[in-house]
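Trainee: This is input.txt, which holds compact mmCIF, N, CA and C atoms:
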# COMPACT_ATOMS: atom_id res chain seq x y z
N MET A 27 0.84 -1.19 0.00
CA MET A 27 0.00 0.00 0.00
C MET A 27 0.89 1.25 0.00
N SER A 28 0.64 2.13 -0.93
CA SER A 28 1.44 3.34 -1.07
C SER A 28 1.01 4.41 -0.07
N ILE A 29 1.99 5.13 0.43
CA ILE A 29 1.78 6.22 1.39
C ILE A 29 2.00 7.54 0.64
N PRO A 30 1.18 8.56 0.87
CA PRO A 30 1.42 9.85 0.22
C PRO A 30 2.76 10.45 0.65
N PHE A 31 3.46 11.09 -0.29
CA PHE A 31 4.75 11.71 0.01
C PHE A 31 4.62 12.95 0.89
N GLY A 32 3.43 13.53 0.95
CA GLY A 32 3.25 14.74 1.74
C GLY A 32 3.55 16.00 0.96
N ALA A 33 3.94 15.83 -0.30
CA ALA A 33 4.21 16.96 -1.19
C ALA A 33 3.97 16.47 -2.61
N GLU A 34 3.53 17.36 -3.45
CA GLU A 34 3.32 17.03 -4.86
C GLU A 34 4.66 17.14 -5.58
N ILE A 35 5.17 16.03 -6.09
CA ILE A 35 6.46 16.00 -6.75
C ILE A 35 6.25 15.41 -8.16
N PRO A 36 6.02 16.25 -9.16
CA PRO A 36 5.69 15.75 -10.50
C PRO A 36 6.71 14.76 -11.07
N PHE A 37 8.01 15.01 -10.88
CA PHE A 37 9.03 14.11 -11.42
C PHE A 37 8.94 12.72 -10.78
N VAL A 38 8.71 12.68 -9.48
CA VAL A 38 8.56 11.40 -8.77
C VAL A 38 7.31 10.68 -9.27
N ASN A 39 6.24 11.41 -9.48
CA ASN A 39 5.02 10.81 -10.04
C ASN A 39 5.30 10.23 -11.42
N HIS A 40 6.05 10.97 -12.24
CA HIS A 40 6.40 10.51 -13.59
C HIS A 40 7.19 9.20 -13.54
N LEU A 41 8.13 9.10 -12.61
CA LEU A 41 8.95 7.89 -12.51
C LEU A 41 8.17 6.72 -11.90
N GLY A 42 7.15 7.03 -11.13
CA GLY A 42 6.31 5.98 -10.56
C GLY A 42 6.80 5.40 -9.25
N PHE A 43 7.54 6.17 -8.48
CA PHE A 43 8.01 5.70 -7.17
C PHE A 43 6.81 5.48 -6.26
N GLU A 44 6.91 4.46 -5.42
CA GLU A 44 5.86 4.17 -4.46
C GLU A 44 6.47 4.15 -3.06
N LEU A 45 6.01 5.05 -2.20
CA LEU A 45 6.49 5.13 -0.82
C LEU A 45 5.69 4.14 0.03
N VAL A 46 6.41 3.21 0.68
CA VAL A 46 5.72 2.20 1.48
C VAL A 46 6.09 2.24 2.96
N LYS A 47 7.18 2.96 3.30
CA LYS A 47 7.55 3.15 4.71
C LYS A 47 8.05 4.57 4.88
N PHE A 48 7.57 5.24 5.94
CA PHE A 48 7.84 6.67 6.14
C PHE A 48 7.67 6.97 7.62
N GLU A 49 8.60 6.43 8.47
CA GLU A 49 8.44 6.60 9.91
C GLU A 49 9.76 6.38 10.65
N ASP A 50 9.88 7.06 11.77
CA ASP A 50 10.98 6.83 12.71
C ASP A 50 12.37 6.88 12.06
N GLY A 51 12.58 7.81 11.14
CA GLY A 51 13.89 7.95 10.52
C GLY A 51 14.18 6.91 9.45
N GLN A 52 13.16 6.21 9.00
CA GLN A 52 13.35 5.20 7.96
C GLN A 52 12.34 5.39 6.85
N SER A 53 12.77 5.00 5.65
CA SER A 53 11.87 5.05 4.50
C SER A 53 12.12 3.83 3.63
N GLU A 54 11.11 3.49 2.86
CA GLU A 54 11.25 2.41 1.88
C GLU A 54 10.38 2.77 0.67
N LEU A 55 10.97 2.64 -0.51
CA LEU A 55 10.27 2.94 -1.75
C LEU A 55 10.42 1.78 -2.71
N PHE A 56 9.42 1.60 -3.57
CA PHE A 56 9.48 0.63 -4.66
C PHE A 56 9.53 1.39 -5.98
N PHE A 57 10.23 0.82 -6.94
CA PHE A 57 10.36 1.42 -8.27
C PHE A 57 10.46 0.31 -9.30
N THR A 58 9.54 0.33 -10.25
CA THR A 58 9.59 -0.61 -11.37
C THR A 58 10.02 0.18 -12.60
N PRO A 59 11.30 0.09 -12.99
CA PRO A 59 11.76 0.85 -14.15
C PRO A 59 11.04 0.40 -15.43
N ARG A 60 10.69 1.38 -16.24
CA ARG A 60 10.10 1.13 -17.55
C ARG A 60 11.19 1.27 -18.61
N PRO A 61 10.94 0.86 -19.84
CA PRO A 61 11.97 0.94 -20.88
C PRO A 61 12.61 2.32 -21.03
N GLU A 62 11.86 3.37 -20.81
CA GLU A 62 12.42 4.73 -20.94
C GLU A 62 13.35 5.11 -19.78
N HIS A 63 13.43 4.25 -18.76
CA HIS A 63 14.32 4.49 -17.62
C HIS A 63 15.64 3.73 -17.73
N LEU A 64 15.85 3.06 -18.85
CA LEU A 64 17.04 2.25 -19.05
C LEU A 64 18.10 3.01 -19.83
N ASN A 65 19.35 2.55 -19.70
CA ASN A 65 20.43 3.14 -20.48
C ASN A 65 20.73 2.26 -21.70
N SER A 66 21.81 2.55 -22.40
CA SER A 66 22.12 1.81 -23.63
C SER A 66 22.56 0.37 -23.35
N PHE A 67 22.80 0.02 -22.10
CA PHE A 67 23.14 -1.36 -21.72
C PHE A 67 21.91 -2.14 -21.26
N ALA A 68 20.73 -1.53 -21.38
CA ALA A 68 19.45 -2.15 -20.99
C ALA A 68 19.36 -2.42 -19.49
N VAL A 69 19.99 -1.57 -18.68
CA VAL A 69 19.84 -1.61 -17.23
C VAL A 69 19.36 -0.24 -16.77
N THR A 70 18.87 -0.14 -15.55
CA THR A 70 18.31 1.12 -15.07
C THR A 70 19.37 2.22 -15.10
N HIS A 71 19.01 3.33 -15.69
CA HIS A 71 19.92 4.48 -15.83
C HIS A 71 20.35 4.99 -14.46
N GLY A 72 21.62 5.36 -14.35
CA GLY A 72 22.15 5.88 -13.09
C GLY A 72 21.41 7.10 -12.60
N GLY A 73 20.92 7.94 -13.50
CA GLY A 73 20.17 9.12 -13.09
C GLY A 73 18.86 8.76 -12.40
N ALA A 74 18.20 7.70 -12.89
CA ALA A 74 16.97 7.23 -12.25
C ALA A 74 17.28 6.67 -10.86
N LEU A 75 18.40 5.93 -10.76
CA LEU A 75 18.79 5.38 -9.46
C LEU A 75 19.16 6.48 -8.48
N MET A 76 19.86 7.52 -8.97
CA MET A 76 20.23 8.62 -8.08
C MET A 76 18.99 9.39 -7.61
N THR A 77 18.02 9.55 -8.50
CA THR A 77 16.78 10.21 -8.10
C THR A 77 16.06 9.37 -7.05
N LEU A 78 16.03 8.06 -7.26
CA LEU A 78 15.40 7.16 -6.28
C LEU A 78 16.10 7.28 -4.93
N LEU A 79 17.43 7.30 -4.93
CA LEU A 79 18.17 7.45 -3.67
C LEU A 79 17.93 8.80 -3.02
N ASP A 80 17.89 9.86 -3.82
CA ASP A 80 17.64 11.21 -3.30
C ASP A 80 16.29 11.26 -2.59
N VAL A 81 15.27 10.74 -3.25
CA VAL A 81 13.91 10.76 -2.67
C VAL A 81 13.83 9.85 -1.44
N THR A 82 14.51 8.72 -1.49
CA THR A 82 14.50 7.79 -0.37
C THR A 82 15.15 8.42 0.86
N MET A 83 16.30 9.06 0.66
CA MET A 83 16.98 9.69 1.80
C MET A 83 16.20 10.90 2.31
N ALA A 84 15.64 11.69 1.40
CA ALA A 84 14.83 12.84 1.81
C ALA A 84 13.61 12.38 2.61
N SER A 85 13.00 11.28 2.20
CA SER A 85 11.85 10.74 2.93
C SER A 85 12.25 10.27 4.32
N ALA A 86 13.41 9.64 4.44
CA ALA A 86 13.88 9.23 5.76
C ALA A 86 14.10 10.45 6.66
N ALA A 87 14.68 11.52 6.09
CA ALA A 87 14.91 12.75 6.85
C ALA A 87 13.60 13.37 7.29
N ARG A 88 12.60 13.40 6.41
CA ARG A 88 11.31 14.02 6.72
C ARG A 88 10.45 13.18 7.64
N SER A 89 10.73 11.88 7.73
CA SER A 89 9.85 10.98 8.47
C SER A 89 9.77 11.30 9.96
N VAL A 90 10.72 12.05 10.49
CA VAL A 90 10.69 12.40 11.92
C VAL A 90 9.99 13.73 12.17
N ASP A 91 9.74 14.51 11.11
CA ASP A 91 9.02 15.78 11.23
C ASP A 91 8.35 16.04 9.88
N LYS A 92 7.20 15.43 9.68
CA LYS A 92 6.54 15.42 8.37
C LYS A 92 6.02 16.78 7.94
N ALA A 93 5.95 17.73 8.87
CA ALA A 93 5.51 19.08 8.51
C ALA A 93 6.62 19.87 7.82
N MET A 94 7.86 19.44 8.01
CA MET A 94 9.00 20.14 7.41
C MET A 94 9.29 19.57 6.03
N GLY A 95 9.87 20.42 5.18
CA GLY A 95 10.40 19.97 3.92
C GLY A 95 11.91 19.82 4.04
N VAL A 96 12.53 19.25 3.04
CA VAL A 96 13.99 19.18 3.00
C VAL A 96 14.46 19.50 1.59
N VAL A 97 15.66 20.05 1.52
CA VAL A 97 16.32 20.26 0.23
C VAL A 97 17.67 19.58 0.30
N THR A 98 18.08 19.02 -0.83
CA THR A 98 19.35 18.30 -0.89
C THR A 98 20.50 19.28 -0.89
N ILE A 99 21.45 19.08 0.01
CA ILE A 99 22.67 19.88 0.06
C ILE A 99 23.78 19.17 -0.71
N GLU A 100 23.93 17.88 -0.47
CA GLU A 100 24.90 17.09 -1.22
C GLU A 100 24.54 15.62 -1.12
N MET A 101 25.01 14.86 -2.12
CA MET A 101 24.89 13.41 -2.04
C MET A 101 26.03 12.76 -2.81
N LYS A 102 26.45 11.62 -2.32
CA LYS A 102 27.50 10.83 -2.96
C LYS A 102 26.91 9.46 -3.23
N THR A 103 27.08 8.99 -4.46
CA THR A 103 26.50 7.71 -4.86
C THR A 103 27.58 6.77 -5.36
N SER A 104 27.48 5.53 -4.95
CA SER A 104 28.34 4.47 -5.46
C SER A 104 27.46 3.43 -6.14
N PHE A 105 27.82 3.05 -7.36
CA PHE A 105 27.10 2.03 -8.11
C PHE A 105 27.86 0.72 -7.95
N MET A 106 27.18 -0.33 -7.47
CA MET A 106 27.84 -1.60 -7.16
C MET A 106 27.60 -2.68 -8.20
N ARG A 107 26.42 -2.71 -8.78
CA ARG A 107 26.10 -3.69 -9.81
C ARG A 107 24.94 -3.15 -10.62
N PRO A 108 24.81 -3.61 -11.86
CA PRO A 108 23.70 -3.12 -12.68
C PRO A 108 22.36 -3.59 -12.12
N SER A 109 21.36 -2.76 -12.25
CA SER A 109 20.02 -3.16 -11.82
C SER A 109 19.26 -3.58 -13.08
N LYS A 110 19.14 -4.87 -13.23
CA LYS A 110 18.53 -5.46 -14.41
C LYS A 110 17.01 -5.53 -14.24
N PRO A 111 16.27 -4.93 -15.15
CA PRO A 111 14.81 -4.91 -15.02
C PRO A 111 14.18 -6.30 -14.96
N GLU A 112 14.80 -7.27 -15.60
CA GLU A 112 14.22 -8.62 -15.61
C GLU A 112 14.24 -9.28 -14.22
N LEU A 113 14.97 -8.69 -13.27
CA LEU A 113 15.01 -9.24 -11.91
C LEU A 113 13.85 -8.75 -11.05
N GLY A 114 13.04 -7.84 -11.59
CA GLY A 114 11.87 -7.37 -10.86
C GLY A 114 12.05 -5.97 -10.32
N PRO A 115 11.05 -5.48 -9.58
CA PRO A 115 11.08 -4.11 -9.05
C PRO A 115 12.26 -3.89 -8.10
N LEU A 116 12.67 -2.63 -8.03
CA LEU A 116 13.74 -2.22 -7.13
C LEU A 116 13.14 -1.78 -5.80
N THR A 117 13.88 -2.02 -4.73
CA THR A 117 13.49 -1.55 -3.40
C THR A 117 14.60 -0.63 -2.91
N ALA A 118 14.23 0.55 -2.45
CA ALA A 118 15.20 1.49 -1.88
C ALA A 118 14.86 1.69 -0.41
N LYS A 119 15.90 1.60 0.42
CA LYS A 119 15.70 1.79 1.86
C LYS A 119 16.59 2.93 2.33
N GLY A 120 15.98 3.86 3.07
CA GLY A 120 16.70 5.02 3.58
C GLY A 120 16.71 5.05 5.09
N ARG A 121 17.74 5.72 5.62
CA ARG A 121 17.87 5.81 7.08
C ARG A 121 18.44 7.17 7.45
N LEU A 122 17.80 7.80 8.43
CA LEU A 122 18.32 9.04 9.01
C LEU A 122 19.38 8.64 10.02
N MET A 123 20.61 9.02 9.76
CA MET A 123 21.73 8.64 10.63
C MET A 123 21.91 9.61 11.78
N HIS A 124 21.73 10.92 11.49
CA HIS A 124 21.89 11.95 12.51
C HIS A 124 21.11 13.18 12.06
N ARG A 125 20.61 13.90 13.06
CA ARG A 125 19.85 15.11 12.76
C ARG A 125 20.27 16.21 13.71
N SER A 126 20.43 17.41 13.15
CA SER A 126 20.61 18.60 13.98
C SER A 126 19.34 19.44 13.82
N THR A 127 19.35 20.64 14.33
CA THR A 127 18.17 21.50 14.22
C THR A 127 17.83 21.78 12.76
N THR A 128 18.84 21.96 11.93
CA THR A 128 18.60 22.37 10.55
C THR A 128 19.07 21.37 9.50
N MET A 129 19.82 20.34 9.89
CA MET A 129 20.41 19.43 8.90
C MET A 129 20.07 17.97 9.22
N ALA A 130 20.04 17.16 8.15
CA ALA A 130 19.82 15.72 8.28
C ALA A 130 20.92 15.00 7.51
N PHE A 131 21.48 13.98 8.14
CA PHE A 131 22.54 13.17 7.52
C PHE A 131 21.96 11.77 7.32
N THR A 132 21.96 11.31 6.08
CA THR A 132 21.22 10.10 5.72
C THR A 132 22.06 9.15 4.89
N GLU A 133 21.52 7.94 4.73
CA GLU A 133 22.08 6.98 3.79
C GLU A 133 20.93 6.21 3.16
N GLY A 134 21.19 5.66 1.98
CA GLY A 134 20.17 4.88 1.29
C GLY A 134 20.81 3.84 0.40
N THR A 135 20.11 2.73 0.21
CA THR A 135 20.58 1.66 -0.66
C THR A 135 19.44 1.20 -1.54
N VAL A 136 19.76 0.93 -2.82
CA VAL A 136 18.80 0.36 -3.76
C VAL A 136 19.15 -1.11 -3.94
N TYR A 137 18.13 -1.96 -3.82
CA TYR A 137 18.29 -3.41 -3.97
C TYR A 137 17.52 -3.88 -5.20
N ASP A 138 18.10 -4.85 -5.92
CA ASP A 138 17.40 -5.39 -7.08
C ASP A 138 16.35 -6.39 -6.63
N GLY A 139 15.66 -7.00 -7.59
CA GLY A 139 14.58 -7.94 -7.29
C GLY A 139 15.04 -9.20 -6.58
N GLU A 140 16.34 -9.46 -6.56
CA GLU A 140 16.88 -10.61 -5.84
C GLU A 140 17.45 -10.21 -4.47
N GLY A 141 17.29 -8.93 -4.10
CA GLY A 141 17.76 -8.46 -2.80
C GLY A 141 19.23 -8.07 -2.75
N GLN A 142 19.87 -8.00 -3.92
CA GLN A 142 21.28 -7.63 -3.98
C GLN A 142 21.40 -6.10 -4.09
N PRO A 143 22.35 -5.49 -3.37
CA PRO A 143 22.51 -4.03 -3.47
C PRO A 143 23.06 -3.63 -4.84
N CYS A 144 22.44 -2.62 -5.42
CA CYS A 144 22.86 -2.09 -6.73
C CYS A 144 23.58 -0.75 -6.58
N ALA A 145 23.09 0.08 -5.67
CA ALA A 145 23.65 1.42 -5.49
C ALA A 145 23.46 1.84 -4.04
N HIS A 146 24.39 2.65 -3.57
CA HIS A 146 24.34 3.15 -2.19
C HIS A 146 24.71 4.63 -2.21
N ALA A 147 24.08 5.40 -1.34
CA ALA A 147 24.37 6.84 -1.29
C ALA A 147 24.34 7.33 0.15
N THR A 148 25.06 8.41 0.36
CA THR A 148 24.92 9.19 1.58
C THR A 148 24.48 10.58 1.15
N GLY A 149 23.73 11.24 1.99
CA GLY A 149 23.24 12.56 1.63
C GLY A 149 23.05 13.47 2.83
N THR A 150 23.19 14.76 2.57
CA THR A 150 22.95 15.79 3.57
C THR A 150 21.79 16.65 3.08
N PHE A 151 20.84 16.89 3.96
CA PHE A 151 19.64 17.65 3.62
C PHE A 151 19.45 18.77 4.63
N LYS A 152 18.90 19.88 4.16
CA LYS A 152 18.58 21.01 5.03
C LYS A 152 17.07 21.01 5.24
N TYR A 153 16.66 21.11 6.50
CA TYR A 153 15.24 21.22 6.81
C TYR A 153 14.76 22.63 6.47
N VAL A 154 13.61 22.72 5.80
CA VAL A 154 13.01 24.01 5.46
C VAL A 154 11.52 23.96 5.79
N LYS A 155 10.99 25.10 6.19
CA LYS A 155 9.56 25.18 6.49
C LYS A 155 8.79 25.15 5.17
N ARG A 156 7.69 24.45 5.20
CA ARG A 156 6.78 24.42 4.05
C ARG A 156 5.78 25.55 4.20
N LEU A 157 5.52 26.23 3.11
CA LEU A 157 4.49 27.26 3.13
C LEU A 157 3.12 26.61 3.01
N PRO A 158 2.11 27.12 3.75
CA PRO A 158 0.75 26.63 3.52
C PRO A 158 0.37 26.89 2.07
N PRO A 159 -0.49 26.05 1.48
CA PRO A 159 -0.83 26.21 0.05
C PRO A 159 -1.26 27.62 -0.34
N SER A 160 -2.03 28.32 0.51
CA SER A 160 -2.49 29.66 0.16
C SER A 160 -1.31 30.64 0.11
N LEU A 161 -0.35 30.52 1.03
CA LEU A 161 0.82 31.40 1.02
C LEU A 161 1.76 31.04 -0.12
N LYS A 162 1.85 29.76 -0.46
CA LYS A 162 2.71 29.35 -1.57
C LYS A 162 2.21 29.97 -2.88
N LYS A 163 0.89 29.95 -3.09
CA LYS A 163 0.33 30.56 -4.30
C LYS A 163 0.65 32.05 -4.34
N LEU A 164 0.53 32.73 -3.19
CA LEU A 164 0.85 34.15 -3.12
C LEU A 164 2.33 34.38 -3.39
N ASP A 165 3.20 33.55 -2.80
CA ASP A 165 4.64 33.65 -3.02
C ASP A 165 4.99 33.44 -4.49
N ASP A 166 4.37 32.42 -5.12
CA ASP A 166 4.59 32.17 -6.55
C ASP A 166 4.15 33.35 -7.39
N GLN A 167 2.99 33.94 -7.03
CA GLN A 167 2.47 35.06 -7.79
C GLN A 167 3.41 36.27 -7.67
N ILE A 168 3.90 36.54 -6.47
CA ILE A 168 4.80 37.68 -6.25
C ILE A 168 6.10 37.47 -7.01
N SER A 169 6.63 36.25 -7.02
CA SER A 169 7.92 36.02 -7.70
C SER A 169 7.81 36.05 -9.22
N THR A 170 6.59 35.93 -9.77
CA THR A 170 6.44 36.01 -11.24
C THR A 170 6.02 37.40 -11.69
N ASP A 171 5.66 38.28 -10.77
CA ASP A 171 5.25 39.65 -11.15
C ASP A 171 6.46 40.52 -11.45
Take the structure from the file and write it as structure tokens.
Mentor:
Amino acid sequence: MSIPFGAEIPFVNHLGFELVKFEDGQSELFFTPRPEHLNSFAVTHGGALMTLLDVTMASAARSVDKAMGVVTIEMKTSFMRPSKPELGPLTAKGRLMHRSTTMAFTEGTVYDGEGQPCAHATGTFKYVKRLPPSLKKLDDQISTD
């Protein structure tokens, strides 16, 4: 069962990520790559995997304070093995390692359909306040005037 991300993220919707765990500094997402998500070697493109890791780690960071947003400050990714679509959907697991008042330090791993790690990342995120929808519309309107 998919859990709402708590924010409208069009790119994540386009990729089809499914959030299934979002609590206590941990997150878990599922991703079934489609043909347009593959590279010339017919495995999941590194950019799709990095996006999955970014969202997974951000979700882990937000899971302890769901009212806050986060923005990525930095991330480092290591690719360990190709993620072959024929092995089934990918599972990404994220963990909040440490949190300060304004920063979150996280890690995430993507596993293939056989449970083998394909990619691993560490990331730093900054906590930011989310504007209520009515103020966000006003802010957007002011910035385009």
Trainee: Could you name the residues that touch A:Asn39 at 12 Å or less, counting only C-alpha atoms, but leaving out those on the same chain fewer than 4 positions away, as a ChimeraX atom specification?
Mentor: /A:30-31,33-35,43-45,57,77-78,81
Trainee: Output the selection as a tab-separated table (two decimals), in the frame of the given file - N, CA and C atoms for each residue.
Mentor:
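Writing done, so here's selection23.tsv:
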chain	number	residue	atom	x	y	z
A	30	PRO	N	1.18	8.56	0.87
A	30	PRO	CA	1.42	9.85	0.22
A	30	PRO	C	2.76	10.45	0.65
A	31	PHE	N	3.46	11.09	-0.29
A	31	PHE	CA	4.75	11.71	0.01
A	31	PHE	C	4.62	12.95	0.89
A	33	ALA	N	3.94	15.83	-0.30
A	33	ALA	CA	4.21	16.96	-1.19
A	33	ALA	C	3.97	16.47	-2.61
A	34	GLU	N	3.53	17.36	-3.45
A	34	GLU	CA	3.32	17.03	-4.86
A	34	GLU	C	4.66	17.14	-5.58
A	35	ILE	N	5.17	16.03	-6.09
A	35	ILE	CA	6.46	16.00	-6.75
A	35	ILE	C	6.25	15.41	-8.16
A	43	PHE	N	7.54	6.17	-8.48
A	43	PHE	CA	8.01	5.70	-7.17
A	43	PHE	C	6.81	5.48	-6.26
A	44	GLU	N	6.91	4.46	-5.42
A	44	GLU	CA	5.86	4.17	-4.46
A	44	GLU	C	6.47	4.15	-3.06
A	45	LEU	N	6.01	5.05	-2.20
A	45	LEU	CA	6.49	5.13	-0.82
A	45	LEU	C	5.69	4.14	0.03
A	57	PHE	N	10.23	0.82	-6.94
A	57	PHE	CA	10.36	1.42	-8.27
A	57	PHE	C	10.46	0.31	-9.30
A	77	THR	N	18.02	9.55	-8.50
A	77	THR	CA	16.78	10.21	-8.10
A	77	THR	C	16.06	9.37	-7.05
A	78	LEU	N	16.03	8.06	-7.26
A	78	LEU	CA	15.40	7.16	-6.28
A	78	LEU	C	16.10	7.28	-4.93
A	81	VAL	N	15.27	10.74	-3.25
A	81	VAL	CA	13.91	10.76	-2.67
A	81	VAL	C	13.83	9.85	-1.44
Trainee: Hey, what does DSSP flag as alpha helix (DSSP H) within stretch 28-142 of chain A? Can you give it to me as a list in words?
Mentor: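 Alpha helix (DSSP H) members of stretch 28-142 of chain A, listed: Pro36, Phe37, Val38, Asn39, His40, Leu41, Gly72, Gly73, Ala74, Leu75, Met76, Thr77, Leu78, Leu79, Asp80, Val81, Thr82, Met83, Ala84, Ser85, Ala86, Ala87 and Arg88 of chain A.
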Trainee: Mind checking which residues fall within 8 Å of stretch 119-134 of chain A, counting all atoms listed in the file, ignoring those fewer than 2 positions away in the same chain, and posting them as a ChimeraX atom specification?
Mentor: /A:50-56,78-88,116-117,136-137,145-154
Trainee: Within stretch 82-116 of chain A, find each residue whose DSSP state, derived from the backbone, is strand (DSSP E), and express the selection as a list in words.
Mentor: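 Matching residues for strand (DSSP E) in stretch 82-116 of chain A are Met94, Gly95, Val96, Val97, Thr98, Ile99, Glu100, Met101, Lys102, Thr103, Ser104, Phe105 and Leu116 of chain A.
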Trainee: Rounded to one decimal in Å, what is the spacing between atom C of A:Gly42 and atom C of A:Thr58?
Mentor: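 Between these atoms lies a distance of 7.0 Å.
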